[in-house]
Amino acid sequence: MARSHHYQAKLVWTGAAQGSARTYEGYSRAYEVLIPGRPVLLGSSDPAFRGDPVRHNPEDLLLAALAGCHMLWYLHLAVEAGIEVLGYVDQAAGTMAWQGGKMRFTEVVLRPEVTIAKGEPAAAAALHARAQEECFIASSVNFPVRHEPVILTSPA
C-alpha cells in the first residue's frame, strides 16, 4: 500500500452570480465541488445558516463521509472473517453544539443495521470496533464517533 494518498477538489462559489457578499443576509451560499471524473456536487450552508435546503451542506457531507468510511471498512473486515453480508443500512446522526466558545461537532453516532447470511452475529457485531479503528476519516476527527450496530440474520 502506498505511504500517502492525495486528493483534489475544486470548490467554486456559484452564488457570486446572484450578487457579491456585502451583508450576512444578502449573499447566496451556493457552491459547486468539482472532483475530476465525478459528478458535480452542489453545496450550500445548512438552512440554519441561511443555506439552500435542497443542496448538500458540509455538516451532512462530514456525517456521510464517516458513515461511508465505516461501512467500507466493515465490509472489508467481514469478507476477511468469512461473514457474508447481505445488507447494510446506517442511520447516522451527528450533534453540533457550542463548545469552547465555538460551534463544533461534539459527537457522531453510527447506527448500522447489518443483515448477514453466513457467520456468527456476535462476531459480526464485534467487527464494528475494528472498522472504527481502521476508518481513515474517524481517525482524523477530534470528536467521538460511536457505533450502535444491530445485526440481523437472514432466514434463508
# chains A, B, ... in the order shown; residues from 1 in each chain; ligands from 1
$ residues_around --residues "Met103 in chain A" --least-positions-apart "5" --cutoff "12 Å" --atoms "only C-alpha atoms" --output "PyMOL selection string"
chain A and resi 49+59+95-98
$ residues_around --residues "Leu66 in chain A" --least-positions-apart "4" --cutoff "12 Å" --atoms "only C-alpha atoms" --output "PyMOL selection string"
chain A and resi 59-62+70-73+90-94+107-112+131-132+134-141+143-147
$ residues_around --residues "Asn57 in chain A" --least-positions-apart "6" --cutoff "7 Å" --atoms "only C-alpha atoms" --output "count of residues only"
4
$ residues_around --residues "Arg29 in chain A" --least-positions-apart "5" --cutoff "12 Å" --atoms "only C-alpha atoms" --output "PyMOL selection string"
chain A and resi 12-21+24+42-53+55-58
$ select_by_dssp --residues "chain A" --states "strand (DSSP E)" --output "VMD selection string"
chain A and resid 10 to 12 31 to 34 41 to 43 84 to 90 93 to 99 102 to 110 112 to 118 145 to 147 150 to 153
$ closest_residue --among "A:His76, A:Arg22, A:His5, A:Lys10" --to "Ala124 in chain A" --atoms "only C-alpha atoms"
A:His76
$ closest_residue --among "A:Ile35, A:Ala129, A:Val114, A:Leu11" --to "Gly87 in chain A" --atoms "only C-alpha atoms"
A:Val114
$ atom_distance --atom1 "CA of Arg104 in chain A" --atom2 "CA of Gly68 in chain A"
20.7 Å
$ closest_residue --among "A:Ala122, A:Ala78, A:Ala30, A:Cys69" --to "Val54 in chain A" --atoms "only C-alpha atoms"
A:Ala30
$ closest_residue --among "A:Ala67, A:Leu34, A:Pro149, A:Asn142" --to "Tyr7 in chain A" --atoms "only C-alpha atoms"
A:Leu34
$ atom_distance --atom1 "CA of Gly82 in chain A" --atom2 "CA of Leu152 in chain A"
16.0 Å
$ atom_distance --atom1 "CA of Tyr88 in chain A" --atom2 "CA of Val40 in chain A"
26.0 Å
$ residues_around --residues "Ser154 in chain A" --least-positions-apart "2" --cutoff "9 Å" --atoms "only C-alpha atoms" --output "list in words"
Leu86, Thr115, Ile116, Ala117, Lys118, Leu152 and Ala156 of chain A
$ select_by_dssp --residues "range 25-98 of chain A" --states "helix (DSSP H, G or I)" --output "list in words"
Glu25, Gly26, Pro47, Ala48, Phe49, Pro58, Glu59, Asp60, Leu61, Leu62, Leu63, Ala64, Ala65, Leu66, Ala67, Gly68, Cys69, His70, Met71, Leu72, Trp73, Tyr74, Leu75, His76, Leu77, Ala78, Val79, Glu80 and Ala81 of chain A
$ write_last_selection --atoms "C-alpha atoms" --output "PDB file, in the first residue's frame"
ATOM      1  CA  GLU A  25     -28.262  38.249   4.921  1.00  0.00           C
ATOM      2  CA  GLY A  26     -27.665  39.275   1.340  1.00  0.00           C
ATOM      3  CA  PRO A  47     -30.546  26.115   6.237  1.00  0.00           C
ATOM      4  CA  ALA A  48     -29.969  27.176   9.861  1.00  0.00           C
ATOM      5  CA  PHE A  49     -27.143  29.340   8.483  1.00  0.00           C
ATOM      6  CA  PRO A  58     -20.613  20.460   4.827  1.00  0.00           C
ATOM      7  CA  GLU A  59     -22.080  19.028   8.028  1.00  0.00           C
ATOM      8  CA  ASP A  60     -24.112  16.417   6.144  1.00  0.00           C
ATOM      9  CA  LEU A  61     -21.108  15.542   3.995  1.00  0.00           C
ATOM     10  CA  LEU A  62     -18.895  15.015   7.067  1.00  0.00           C
ATOM     11  CA  LEU A  63     -21.522  12.704   8.548  1.00  0.00           C
ATOM     12  CA  ALA A  64     -21.823  10.809   5.243  1.00  0.00           C
ATOM     13  CA  ALA A  65     -18.018  10.504   4.987  1.00  0.00           C
ATOM     14  CA  LEU A  66     -17.808   8.962   8.459  1.00  0.00           C
ATOM     15  CA  ALA A  67     -20.664   6.532   7.769  1.00  0.00           C
ATOM     16  CA  GLY A  68     -19.279   5.580   4.351  1.00  0.00           C
ATOM     17  CA  CYS A  69     -15.747   5.016   5.601  1.00  0.00           C
ATOM     18  CA  HIS A  70     -17.020   2.844   8.459  1.00  0.00           C
ATOM     19  CA  MET A  71     -19.197   0.767   6.108  1.00  0.00           C
ATOM     20  CA  LEU A  72     -16.394   0.196   3.607  1.00  0.00           C
ATOM     21  CA  TRP A  73     -14.027  -0.970   6.346  1.00  0.00           C
ATOM     22  CA  TYR A  74     -16.749  -3.140   7.870  1.00  0.00           C
ATOM     23  CA  LEU A  75     -17.445  -4.914   4.570  1.00  0.00           C
ATOM     24  CA  HIS A  76     -13.702  -5.480   4.042  1.00  0.00           C
ATOM     25  CA  LEU A  77     -13.292  -6.958   7.524  1.00  0.00           C
ATOM     26  CA  ALA A  78     -16.446  -9.076   7.198  1.00  0.00           C
ATOM     27  CA  VAL A  79     -15.169 -10.667   3.980  1.00  0.00           C
ATOM     28  CA  GLU A  80     -11.847 -11.433   5.675  1.00  0.00           C
ATOM     29  CA  ALA A  81     -13.713 -13.006   8.624  1.00  0.00           C
TER      30      ALA A  81
END
$ closest_residue --among "A:Glu32, A:Glu120, A:Glu133, A:Glu113" --to "Ala9 in chain A" --atoms "only C-alpha atoms"
A:Glu32
